[in-house]
file input.cif (mmCIF, C-alpha atoms)
data_structure
#
loop_
_atom_site.label_atom_id
_atom_site.label_comp_id
_atom_site.auth_asym_id
_atom_site.auth_seq_id
_atom_site.Cartn_x
_atom_site.Cartn_y
_atom_site.Cartn_z
CA MET A 1 43.70 5.88 -9.01
CA SER A 2 42.45 4.86 -12.46
CA HIS A 3 39.09 3.16 -12.93
CA SER A 4 37.36 1.99 -16.09
CA SER A 5 34.27 4.09 -16.85
CA ALA A 6 32.60 1.64 -19.21
CA PHE A 7 29.22 0.28 -18.18
CA PRO A 8 27.88 -2.84 -19.91
CA THR A 9 26.48 -2.17 -23.36
CA ARG A 10 25.10 -5.63 -24.16
CA SER A 11 22.43 -7.60 -22.38
CA LEU A 12 23.58 -10.62 -20.42
CA LEU A 13 21.30 -13.52 -21.27
CA ALA A 14 20.18 -15.76 -18.41
CA ASP A 15 21.68 -18.88 -20.03
CA GLN A 16 25.05 -17.10 -20.27
CA LEU A 17 25.15 -16.27 -16.57
CA PRO A 18 27.88 -17.78 -14.45
CA GLN A 19 26.75 -19.75 -11.41
CA ARG A 20 27.51 -16.69 -9.30
CA ARG A 21 25.06 -13.90 -10.02
CA PRO A 22 26.82 -10.85 -11.49
CA ILE A 23 25.21 -8.17 -9.30
CA LEU A 24 25.30 -7.65 -5.55
CA ALA A 25 22.53 -5.44 -4.13
CA THR A 26 21.54 -4.17 -0.70
CA MET A 27 17.81 -3.96 -1.46
CA PRO A 28 16.24 -7.45 -1.53
CA GLY A 29 13.13 -8.10 -3.55
CA PRO A 30 11.02 -11.09 -4.68
CA ASP A 31 10.99 -10.22 -8.40
CA PRO A 32 12.00 -13.27 -10.52
CA LEU A 33 13.92 -11.31 -13.17
CA TRP A 34 15.73 -9.34 -10.47
CA ASN A 35 16.71 -12.56 -8.68
CA THR A 36 18.07 -14.02 -11.91
CA TYR A 37 20.86 -11.47 -11.94
CA VAL A 38 21.10 -10.19 -8.37
CA HIS A 39 22.44 -11.57 -5.11
CA ASP A 40 20.69 -9.69 -2.31
CA HIS A 41 22.40 -8.88 0.97
CA LEU A 42 20.59 -7.18 3.84
CA PRO A 43 21.86 -8.38 7.23
CA GLU A 44 20.46 -7.42 10.60
CA ASN A 45 23.82 -5.98 11.67
CA ALA A 46 24.04 -3.41 8.85
CA GLY A 47 26.79 -0.86 9.34
CA THR A 48 28.92 -2.94 11.68
CA PHE A 49 32.51 -4.06 11.05
CA LYS A 50 31.24 -7.60 10.45
CA ASP A 51 28.77 -6.31 7.87
CA TYR A 52 31.42 -4.35 5.96
CA MET A 53 33.73 -7.36 5.90
CA ALA A 54 30.91 -9.53 4.53
CA LEU A 55 30.09 -6.96 1.87
CA LEU A 56 33.71 -6.65 0.77
CA LYS A 57 33.95 -10.42 0.47
CA LEU A 58 30.69 -10.64 -1.49
CA ALA A 59 31.74 -7.79 -3.78
CA LYS A 60 34.83 -9.57 -5.10
CA GLY A 61 34.36 -10.74 -8.66
CA ARG A 62 31.00 -8.99 -9.16
CA GLU A 63 30.31 -7.06 -12.32
CA MET A 64 28.26 -4.47 -10.47
CA LEU A 65 26.89 -3.42 -7.11
CA ILE A 66 23.50 -1.74 -6.67
CA LEU A 67 23.62 0.30 -3.48
CA ASN A 68 20.96 2.32 -1.69
CA GLY A 69 21.63 6.06 -1.78
CA SER A 70 18.77 6.88 0.57
CA VAL A 71 20.41 5.47 3.71
CA GLY A 72 20.80 8.03 6.47
CA ARG A 73 21.79 8.34 10.10
CA LYS A 74 19.45 5.55 11.16
CA GLN A 75 21.31 3.14 8.85
CA LYS A 76 24.70 4.65 9.81
CA TYR A 77 25.15 5.87 6.20
CA ARG A 78 26.12 2.27 5.50
CA ASP A 79 25.92 2.09 1.69
CA LEU A 80 27.65 5.44 1.23
CA ILE A 81 30.52 4.41 3.50
CA PHE A 82 30.75 1.06 1.71
CA ALA A 83 30.99 2.84 -1.65
CA ILE A 84 33.93 4.83 -0.28
CA LEU A 85 35.62 1.64 0.96
CA LEU A 86 35.16 0.01 -2.45
CA LYS A 87 36.90 2.87 -4.20
CA TRP A 88 39.90 2.97 -1.92
CA ILE A 89 40.39 -0.72 -1.09
CA PHE A 90 39.96 -2.28 -4.55
CA SER A 91 42.55 -1.39 -7.19
CA ARG A 92 39.80 -1.97 -9.77
CA PRO A 93 36.49 -1.66 -7.94
CA PRO A 94 33.33 -3.14 -9.46
CA ARG A 95 30.91 -0.76 -11.13
CA VAL A 96 28.40 0.80 -8.75
CA LEU A 97 24.84 1.93 -9.41
CA MET A 98 23.80 4.18 -6.53
CA GLN A 99 20.01 4.06 -6.66
CA ASP A 100 17.77 6.66 -5.01
CA ALA A 101 20.56 9.25 -4.98
CA THR A 102 18.16 11.93 -3.76
CA TRP A 103 20.59 14.14 -1.91
CA GLU A 104 20.95 17.78 -1.00
CA PRO A 105 24.02 19.33 0.61
CA ARG A 106 22.18 20.31 3.78
CA SER A 107 20.70 17.83 6.27
CA GLU A 108 17.50 18.79 8.08
CA ALA A 109 17.97 16.02 10.65
CA LEU A 110 21.57 16.87 11.49
CA GLU A 111 20.96 20.63 11.53
CA SER A 112 17.97 20.19 13.82
CA GLU A 113 19.86 18.05 16.32
CA PHE A 114 23.23 19.77 15.99
CA PRO A 115 22.65 23.43 14.97
CA PHE A 116 26.37 24.21 15.26
CA LEU A 117 27.00 21.89 12.27
CA LYS A 118 24.80 23.92 9.93
CA ARG A 119 27.67 25.70 8.19
CA ILE A 120 29.91 22.69 7.71
CA VAL A 121 27.34 20.00 6.81
CA PRO A 122 27.24 20.98 3.09
CA LYS A 123 31.05 20.85 2.92
CA LEU A 124 31.12 17.45 4.64
CA ALA A 125 28.43 16.14 2.29
CA ARG A 126 30.34 17.21 -0.82
CA LEU A 127 33.55 15.73 0.59
CA ALA A 128 31.80 12.39 1.17
CA ILE A 129 30.50 12.24 -2.40
CA SER A 130 33.90 13.16 -3.80
CA LEU A 131 35.43 10.29 -1.79
CA LEU A 132 33.06 7.70 -3.28
CA ASP A 133 32.77 9.14 -6.80
CA GLY A 134 34.70 7.83 -9.76
CA PRO A 135 34.26 6.65 -13.35
CA HIS A 136 32.95 3.33 -11.97
CA VAL A 137 29.95 4.97 -10.24
CA ARG A 138 26.58 5.75 -11.80
CA TYR A 139 23.80 7.61 -9.97
CA ALA A 140 20.07 6.90 -10.40
CA VAL A 141 18.01 9.95 -9.42
CA LEU A 142 14.25 10.15 -9.04
CA SER A 143 13.43 13.03 -11.39
CA THR A 144 14.37 14.39 -14.79
CA SER A 145 15.14 17.70 -13.08
CA GLU A 146 17.89 16.06 -11.02
CA VAL A 147 19.45 14.56 -14.14
CA LYS A 148 20.38 18.16 -14.93
CA THR A 149 21.03 19.58 -11.45
CA PHE A 150 22.75 16.62 -9.73
CA PRO A 151 26.03 16.87 -11.69
CA ALA A 152 26.34 20.57 -10.93
CA VAL A 153 25.52 20.22 -7.24
CA TRP A 154 27.85 17.27 -6.62
CA GLY A 155 30.55 17.79 -9.25
CA VAL A 156 30.05 14.48 -11.04
CA ASP A 157 30.08 13.56 -14.74
CA PRO A 158 26.62 14.22 -16.28
CA ASP A 159 26.98 11.06 -18.38
CA ARG A 160 26.83 9.00 -15.19
CA VAL A 161 23.49 10.34 -13.96
CA VAL A 162 20.26 8.58 -14.99
CA PHE A 163 16.56 8.90 -14.18
CA GLN A 164 14.82 6.00 -12.48
CA PRO A 165 11.22 6.64 -11.34
CA PHE A 166 10.34 5.69 -7.78
CA PRO A 167 7.58 3.08 -7.26
CA ASN A 168 4.54 3.08 -5.04
CA THR A 169 5.27 1.23 -1.79
CA LEU A 170 1.76 0.14 -0.87
CA HIS A 171 2.59 -3.58 -0.87
CA GLN A 172 0.17 -5.20 1.61
CA TYR A 173 -1.85 -1.97 1.82
CA ARG A 174 -2.81 -2.02 -1.86
CA GLY A 175 -6.19 -3.62 -1.19
CA MET A 176 -6.97 -1.87 2.08
CA ASN A 177 -10.44 -0.44 2.54
CA THR A 178 -10.75 3.27 1.82
CA ARG A 179 -13.46 5.77 2.70
CA ASP A 180 -14.11 9.50 2.86
CA ASP A 181 -14.22 10.78 6.44
CA GLY A 182 -14.25 14.37 5.23
CA TYR A 183 -10.78 15.55 6.25
CA LEU A 184 -7.68 16.62 4.33
CA PHE A 185 -4.54 14.59 5.02
CA SER A 186 -0.84 15.37 4.75
CA GLY A 187 2.17 13.47 6.00
CA GLY A 188 5.90 12.91 5.86
CA ASN A 189 8.93 14.88 6.96
CA SER A 190 11.42 15.19 4.11
CA VAL A 191 11.56 18.54 2.28
CA ARG A 192 8.08 19.58 3.44
CA ASP A 193 6.73 23.13 3.70
CA TYR A 194 4.07 22.76 6.35
CA GLU A 195 4.25 26.46 7.18
CA LEU A 196 2.84 27.07 3.68
CA LEU A 197 0.04 24.56 4.32
CA GLU A 198 -0.76 26.11 7.68
CA ALA A 199 -1.00 29.56 6.13
CA ALA A 200 -3.22 28.24 3.33
CA LEU A 201 -5.61 26.65 5.84
CA GLU A 202 -5.99 29.84 7.85
CA GLY A 203 -9.41 31.35 7.33
CA THR A 204 -10.94 28.04 6.24
CA ASN A 205 -12.81 25.51 8.35
CA ILE A 206 -11.42 22.50 6.48
CA PRO A 207 -10.50 19.73 8.95
CA THR A 208 -6.91 18.72 8.33
CA ARG A 209 -4.78 15.99 9.84
CA VAL A 210 -1.00 15.95 9.47
CA ALA A 211 1.25 13.00 10.33
CA SER A 212 4.65 14.58 10.92
CA LYS A 213 7.21 15.67 13.50
CA TRP A 214 6.49 19.28 12.50
CA GLN A 215 4.82 21.54 15.06
CA PRO A 216 2.27 24.19 13.96
CA SER A 217 2.48 27.77 15.23
CA ARG A 218 -0.80 29.47 14.29
CA GLY A 219 -3.14 27.69 16.68
CA LEU A 220 -5.66 26.67 14.02
CA GLU A 221 -8.53 24.66 15.50
CA ASN A 222 -9.08 22.76 12.27
CA LEU A 223 -5.46 21.52 12.10
CA GLU A 224 -4.35 18.42 14.03
CA VAL A 225 -0.70 17.34 13.90
CA ASN A 226 0.79 14.15 15.36
CA SER A 227 3.76 11.88 14.77
CA THR A 228 2.31 8.45 13.96
CA SER A 229 3.23 4.83 13.34
CA HIS A 230 3.28 3.63 9.73
CA GLU A 231 0.04 1.73 10.28
CA ASP A 232 -1.72 4.84 11.62
CA PHE A 233 -0.25 6.90 8.78
CA MET A 234 -1.76 4.54 6.22
CA SER A 235 -5.10 4.49 8.02
CA LEU A 236 -5.27 8.29 8.07
CA LEU A 237 -4.40 8.37 4.37
CA ALA A 238 -6.98 5.73 3.43
CA HIS A 239 -9.81 7.46 5.30
CA SER A 240 -9.16 10.99 4.04
CA ARG A 241 -11.09 12.82 1.36
CA ALA A 242 -7.95 14.12 -0.33
CA VAL A 243 -4.19 14.38 0.25
CA VAL A 244 -1.94 17.43 0.04
CA VAL A 245 1.86 17.31 -0.17
CA PRO A 246 3.40 20.78 0.34
CA LEU A 247 7.04 20.67 -0.78
CA ARG A 248 9.72 23.25 -0.16
CA GLN A 249 12.06 24.20 -2.95
CA SER A 250 15.20 22.07 -3.05
CA VAL A 251 17.81 20.72 -5.44
CA ARG A 252 16.36 17.25 -4.92
CA SER A 253 12.96 15.69 -5.42
CA ALA A 254 10.86 14.43 -2.51
CA GLY A 255 7.39 13.27 -1.56
CA GLN A 256 7.03 10.55 -4.21
CA GLN A 257 6.23 7.83 -1.70
CA SER A 258 3.50 9.93 -0.08
CA TYR A 259 1.69 11.07 -3.19
CA LEU A 260 2.14 7.84 -5.18
CA ASN A 261 0.71 5.78 -2.33
CA ALA A 262 -2.20 8.22 -2.00
CA MET A 263 -2.83 8.00 -5.74
CA GLY A 264 -2.59 4.20 -5.54
CA LEU A 265 -5.43 4.25 -3.02
CA GLY A 266 -7.53 6.37 -5.37
CA LYS A 267 -7.17 9.67 -3.52
CA ALA A 268 -7.14 13.06 -5.19
CA VAL A 269 -3.74 14.65 -4.51
CA ILE A 270 -2.60 18.27 -4.42
CA VAL A 271 1.17 18.73 -4.70
CA THR A 272 3.08 22.00 -4.87
CA GLU A 273 5.38 22.55 -7.84
CA ALA A 274 8.83 21.15 -7.09
CA PRO A 275 11.50 19.00 -8.76
CA GLY A 276 10.10 15.71 -10.02
CA VAL A 277 6.40 16.30 -9.45
CA ARG A 278 5.55 16.42 -13.16
CA ASP A 279 7.44 13.17 -13.76
CA TYR A 280 4.77 11.40 -11.72
CA ILE A 281 1.58 13.46 -11.89
CA ILE A 282 -0.31 14.52 -15.01
CA ASP A 283 -1.70 17.88 -13.89
CA GLY A 284 -5.48 18.00 -14.00
CA VAL A 285 -5.69 14.33 -14.98
CA THR A 286 -4.14 12.25 -12.20
CA GLY A 287 -3.59 15.03 -9.67
CA ILE A 288 -3.39 18.75 -9.05
CA ILE A 289 -0.06 20.61 -9.22
CA VAL A 290 -0.08 24.15 -7.83
CA GLN A 291 2.41 26.96 -7.45
CA PRO A 292 3.86 27.10 -3.91
CA THR A 293 1.95 30.20 -2.81
CA VAL A 294 -0.65 30.56 -0.08
CA GLU A 295 -3.30 31.74 -2.54
CA HIS A 296 -2.81 28.94 -5.09
CA LEU A 297 -2.64 26.21 -2.46
CA ARG A 298 -5.70 27.50 -0.58
CA ALA A 299 -7.76 27.71 -3.78
CA ALA A 300 -6.87 24.13 -4.73
CA ILE A 301 -7.66 22.80 -1.25
CA VAL A 302 -11.03 24.55 -1.11
CA HIS A 303 -12.00 23.23 -4.54
CA VAL A 304 -10.92 19.64 -3.86
CA MET A 305 -12.62 19.53 -0.46
CA ASP A 306 -15.94 20.98 -1.70
CA PRO A 307 -18.55 18.15 -1.63
CA ALA A 308 -20.03 19.59 -4.83
CA ASN A 309 -16.86 18.50 -6.66
CA ALA A 310 -16.70 15.01 -5.15
CA GLU A 311 -17.49 13.08 -8.33
CA PHE A 312 -14.92 14.99 -10.37
CA TYR A 313 -12.17 14.18 -7.88
CA ARG A 314 -13.37 10.60 -7.41
CA GLN A 315 -12.77 10.08 -11.13
CA MET A 316 -9.39 11.79 -10.88
CA GLY A 317 -8.46 9.45 -8.05
CA GLN A 318 -9.45 6.44 -10.13
CA ARG A 319 -7.30 7.62 -13.05
CA ALA A 320 -4.44 8.18 -10.61
CA ARG A 321 -4.76 4.66 -9.23
CA GLU A 322 -4.71 3.12 -12.70
CA ASP A 323 -1.68 5.20 -13.68
CA VAL A 324 0.28 4.31 -10.54
CA PHE A 325 -0.19 0.58 -11.06
CA LYS A 326 0.70 0.93 -14.73
CA ARG A 327 3.83 3.05 -14.46
CA PHE A 328 5.12 3.16 -10.89
CA THR A 329 5.37 -0.41 -9.65
CA GLU A 330 8.08 -2.32 -7.83
CA GLU A 331 8.60 -4.40 -10.99
CA HIS A 332 9.01 -1.26 -13.08
CA PHE A 333 11.53 0.09 -10.57
CA ARG A 334 13.68 -3.03 -10.28
CA HIS A 335 13.65 -3.77 -14.00
CA GLY A 336 14.66 -0.17 -14.60
CA LEU A 337 17.67 -0.61 -12.35
CA LEU A 338 18.62 -3.76 -14.26
CA LEU A 339 18.33 -1.76 -17.48
CA HIS A 340 20.63 0.95 -16.10
CA ALA A 341 23.00 -1.77 -14.89
CA GLY A 342 23.21 -3.03 -18.47
CA VAL A 343 22.11 -6.62 -17.81
CA ILE A 344 18.78 -6.42 -19.63
CA SER A 345 17.91 -4.69 -22.88
CA GLN A 346 15.33 -1.99 -23.50
CA ASP A 347 13.26 -4.62 -25.29
CA GLN A 348 13.36 -6.93 -22.26
CA PHE A 349 12.35 -4.04 -20.06
CA GLU A 350 9.42 -3.10 -22.29
CA LYS A 351 8.21 -6.70 -22.46
CA GLY A 352 8.46 -7.15 -18.71
CA ALA A 353 6.75 -3.90 -17.85
CA ARG A 354 4.11 -4.27 -20.59
CA ARG A 355 3.58 -0.56 -20.91
CA GLY A 356 1.96 1.44 -23.69
CA ARG A 357 -0.67 4.10 -24.15
CA ASP A 358 -3.94 4.09 -22.28
CA ALA A 359 -7.26 4.93 -23.85
CA SER A 360 -6.82 8.62 -23.11
CA GLY A 361 -3.64 8.73 -25.19
CA TYR A 362 -1.19 9.52 -22.39
CA ASP A 363 2.21 7.91 -22.82
CA HIS A 364 3.05 5.49 -20.00
CA ARG A 365 6.35 4.27 -21.39
CA GLY A 366 8.58 6.87 -19.73
CA GLY A 367 11.21 6.24 -17.11
CA PRO A 368 14.21 3.95 -17.46
CA GLY A 369 16.46 4.69 -20.39
CA LEU A 370 16.46 8.44 -19.83
CA SER A 371 19.98 9.63 -19.20
CA ALA A 372 21.79 12.90 -18.77
CA GLY A 373 20.30 15.58 -20.93
CA ALA A 374 17.20 13.56 -21.70
CA GLY A 375 13.87 15.25 -21.45
CA GLY A 376 10.72 13.73 -20.05
CA SER A 377 8.05 14.32 -18.05
CA HIS A 378 10.65 9.79 -1.64
CA ALA A 379 9.87 10.28 0.66
#
call {"tool": "encode", "arguments": {"input": "input.cif", "output": "structure tokens"}}
result
Amino acid sequence: MSHSSAFPTRSLLADQLPQRRPILATMPGPDPLWNTYVHDHLPENAGTFKDYMALLKLAKGREMLILNGSVGRKQKYRDLIFAILLKWIFSRPPRVLMQDATWEPRSEALESEFPFLKRIVPKLARLAISLLDGPHVRYAVLSTSEVKTFPAVWGVDPDRVVFQPFPNTLHQYRGMNTRDDGYLFSGGNSVRDYELLEAALEGTNIPTRVASKWQPSRGLENLEVNSTSHEDFMSLLAHSRAVVVPLRQSVRSAGQQSYLNAMGLGKAVIVTEAPGVRDYIIDGVTGIIVQPTVEHLRAAIVHVMDPANAEFYRQMGQRAREDVFKRFTEEHFRHGLLLHAGVISQDQFEKGARRGRDASGYDHRGGPGLSAGAGGSHA
């Protein structure tokens, strides 16, 4: 099957648009520029036969589809399956931008529920990507590290892998009241190394609350772990003194949603070195990045939680908040996808995002436009 590999190279001006918007996407948003070019589709019956038939009908005649690569079992892998259908049903499928393609061959969820699948899950994952891949597909990953590793892991053309930074997802929580109740907070499930955090906390009396499915094993009295609702998660985050995100080593990035939201609420964050972290955090300025060892993590936690250092980390949290709402916004994210889709120019992106250098001289113009091989500095 032969597909054209060319992505648009010229911007499509709004007054040149046909009545039917050129892009179909499965991630609705209220952004005016986004809605100029994009028809959003997110039905309640996602993943059903009726849904696939509607998507196939809507896809006809589109210049591009923007699909969500982060769908999982809960969403019945809907966008990934649809990408496979597109390739094999259409003789000339529309171009596809698979956003949030943060994948690794193994699946923690599947392996936990079905241990006997552990050996074959990576093979099944690679088979699935090979079935949807083609010259018409471009992948937007969430770190510059993955721009280099993704092609090797999944066997795709490096020229079709681009970096698109993830945004904060605070939305209605942006203005929520925050306070310091004196505890350390951590949360999330994807690609976490809570065993490392537990070991780092041993021998300290630092009260720590973790919102996760993970279960501790050391019996530490200062460590409380519970699975929570999103509302309780946000409340625990907002009332903490600081936030720690311990990440395990993986071929994909993770944790962006947790640490960006914490930074957006003005919290000092400690994140272990892992793919993507330095794309979002300026070490020592907007957060603390540490090596993933017990000693390094413990030292950082003790220093951040010491009341004597409160003013230093309050200022760090303020810088983090300013940086998040300058660089990692929903507008930035969606306009970046439009840039990668080829329907707006770099100049339009820069004007819309209104980025530049802050008073400290740090460059805030990074992100969209970086492609395979480009340098540069989820959930």
call {"tool": "atom_distance", "arguments": {"input": "input.cif", "atom1": "CA of Ala54 in chain A", "atom2": "CA of Leu67 in chain A"}}
result
14.6 Å
call {"tool": "resolve_selection", "arguments": {"input": "input.cif", "expression": "the PyMOL selection byres ((chain A and resi 133-149) around 7)", "output": "PyMOL selection string"}}
result
chain A and resi 3-5+94-102+129-132+150-153+160-166+251-253+275-276+279+372-373+375-376
call {"tool": "atom_distance", "arguments": {"input": "input.cif", "atom1": "CA of His239 in chain A", "atom2": "CA of Gln256 in chain A"}}
result
19.6 Å
call {"tool": "closest_residue", "arguments": {"input": "input.cif", "among": "A:Gly188, A:Pro30, A:Gly284, A:Gly266", "to": "Phe233 in chain A", "atoms": "only C-alpha atoms"}}
result
A:Gly188
call {"tool": "atom_distance", "arguments": {"input": "input.cif", "atom1": "CA of Leu223 in chain A", "atom2": "CA of Asp181 in chain A"}}
result
15.0 Å
call {"tool": "resolve_selection", "arguments": {"input": "input.cif", "expression": "the PyMOL selection byres ((chain A and resi 182) around 8)", "output": "JSON, numbers by chain"}}
result
{"A": [180, 181, 183, 184, 207, 240, 241, 305]}
call {"tool": "write_last_selection", "arguments": {"input": "input.cif", "atoms": "C-alpha atoms", "output": "short mmCIF file (atom, residue, chain, number, x, y, z; two decimals), in the coordinates of the input"}}
result
data_model
loop_
_atom_site.label_atom_id
_atom_site.label_comp_id
_atom_site.auth_asym_id
_atom_site.auth_seq_id
_atom_site.Cartn_x
_atom_site.Cartn_y
_atom_site.Cartn_z
CA ASP A 180 -14.11 9.50 2.86
CA ASP A 181 -14.22 10.78 6.44
CA TYR A 183 -10.78 15.55 6.25
CA LEU A 184 -7.68 16.62 4.33
CA PRO A 207 -10.50 19.73 8.95
CA SER A 240 -9.16 10.99 4.04
CA ARG A 241 -11.09 12.82 1.36
CA MET A 305 -12.62 19.53 -0.46
#
call {"tool": "closest_residue", "arguments": {"input": "input.cif", "among": "A:Leu197, A:Val290, A:His230, A:Arg321", "to": "Ser217 in chain A", "atoms": "all atoms listed in the file"}}
result
A:Leu197
call {"tool": "closest_residue", "arguments": {"input": "input.cif", "among": "A:Leu58, A:Met53, A:Val304, A:Leu265", "to": "Val38 in chain A", "atoms": "only C-alpha atoms"}}
result
A:Leu58
call {"tool": "closest_residue", "arguments": {"input": "input.cif", "among": "A:Arg218, A:Leu170, A:Leu196, A:Arg179", "to": "Gln257 in chain A", "atoms": "only C-alpha atoms"}}
result
A:Leu170
call {"tool": "closest_residue", "arguments": {"input": "input.cif", "among": "A:Gln348, A:Gln215, A:Thr208, A:Gln172", "to": "Glu231 in chain A", "atoms": "all atoms listed in the file"}}
result
A:Gln172
call {"tool": "resolve_selection", "arguments": {"input": "input.cif", "expression": "the PyMOL selection byres ((chain A and resi 40-52) around 10)", "output": "list in words"}}
result
Arg21, Ile23, Leu24, Ala25, Thr26, Met27, Pro28, Gly29, Trp34, Asn35, Tyr37, Val38, His39, Met53, Ala54, Leu55, Leu56, Lys57, Leu58, Ile66, Lys74, Gln75, Lys76, Tyr77, Arg78, Asp79, Ile81, Phe82 and Leu85 of chain A
call {"tool": "write_last_selection", "arguments": {"input": "input.cif", "atoms": "C-alpha atoms", "output": "tab-separated table (two decimals), keeping the file's coordinate frame"}}
result
chain	number	residue	atom	x	y	z
A	21	ARG	CA	25.06	-13.90	-10.02
A	23	ILE	CA	25.21	-8.17	-9.30
A	24	LEU	CA	25.30	-7.65	-5.55
A	25	ALA	CA	22.53	-5.44	-4.13
A	26	THR	CA	21.54	-4.17	-0.70
A	27	MET	CA	17.81	-3.96	-1.46
A	28	PRO	CA	16.24	-7.45	-1.53
A	29	GLY	CA	13.13	-8.10	-3.55
A	34	TRP	CA	15.73	-9.34	-10.47
A	35	ASN	CA	16.71	-12.56	-8.68
A	37	TYR	CA	20.86	-11.47	-11.94
A	38	VAL	CA	21.10	-10.19	-8.37
A	39	HIS	CA	22.44	-11.57	-5.11
A	53	MET	CA	33.73	-7.36	5.90
A	54	ALA	CA	30.91	-9.53	4.53
A	55	LEU	CA	30.09	-6.96	1.87
A	56	LEU	CA	33.71	-6.65	0.77
A	57	LYS	CA	33.95	-10.42	0.47
A	58	LEU	CA	30.69	-10.64	-1.49
A	66	ILE	CA	23.50	-1.74	-6.67
A	74	LYS	CA	19.45	5.55	11.16
A	75	GLN	CA	21.31	3.14	8.85
A	76	LYS	CA	24.70	4.65	9.81
A	77	TYR	CA	25.15	5.87	6.20
A	78	ARG	CA	26.12	2.27	5.50
A	79	ASP	CA	25.92	2.09	1.69
A	81	ILE	CA	30.52	4.41	3.50
A	82	PHE	CA	30.75	1.06	1.71
A	85	LEU	CA	35.62	1.64	0.96
call {"tool": "closest_residue", "arguments": {"input": "input.cif", "among": "A:Ile289, A:Met176, A:Val277, A:Leu86", "to": "Met64 in chain A", "atoms": "all atoms listed in the file"}}
result
A:Leu86
call {"tool": "build_atoms", "arguments": {"input": "input.cif", "residues": "range 160-164 of chain A", "atoms": "all heavy atoms", "output": "compact mmCIF listing (two decimals), in the coordinates of the input"}}
result
# COMPACT_ATOMS: atom_id res chain seq x y z
N ARG A 160 27.01 10.09 -16.16
CA ARG A 160 26.83 9.00 -15.19
C ARG A 160 25.63 9.23 -14.27
O ARG A 160 25.53 8.64 -13.20
CB ARG A 160 28.11 8.82 -14.36
CG ARG A 160 29.28 8.29 -15.18
CD ARG A 160 30.49 7.92 -14.34
NE ARG A 160 31.25 9.08 -13.91
CZ ARG A 160 31.29 9.56 -12.67
NH1 ARG A 160 30.57 8.97 -11.71
NH2 ARG A 160 32.03 10.60 -12.36
N VAL A 161 24.71 10.07 -14.72
CA VAL A 161 23.49 10.34 -13.96
C VAL A 161 22.28 9.94 -14.80
O VAL A 161 22.15 10.39 -15.95
CB VAL A 161 23.39 11.83 -13.56
CG1 VAL A 161 22.11 12.08 -12.73
CG2 VAL A 161 24.62 12.25 -12.76
N VAL A 162 21.42 9.10 -14.25
CA VAL A 162 20.26 8.58 -14.99
C VAL A 162 18.99 8.75 -14.16
O VAL A 162 19.04 8.86 -12.93
CB VAL A 162 20.43 7.10 -15.37
CG1 VAL A 162 21.61 6.92 -16.33
CG2 VAL A 162 20.62 6.23 -14.12
N PHE A 163 17.87 8.76 -14.84
CA PHE A 163 16.56 8.90 -14.18
C PHE A 163 15.91 7.54 -14.00
O PHE A 163 15.74 6.80 -14.97
CB PHE A 163 15.67 9.81 -15.03
CG PHE A 163 14.22 9.85 -14.59
CD1 PHE A 163 13.87 9.96 -13.26
CD2 PHE A 163 13.19 9.79 -15.54
CE1 PHE A 163 12.53 9.99 -12.85
CE2 PHE A 163 11.86 9.85 -15.15
CZ PHE A 163 11.53 9.95 -13.81
N GLN A 164 15.56 7.21 -12.78
CA GLN A 164 14.82 6.00 -12.48
C GLN A 164 13.62 6.34 -11.61
O GLN A 164 13.79 6.69 -10.43
CB GLN A 164 15.69 4.97 -11.77
CG GLN A 164 14.94 3.73 -11.32
CD GLN A 164 14.16 3.09 -12.45
OE1 GLN A 164 14.74 2.78 -13.49
NE2 GLN A 164 12.87 2.90 -12.28
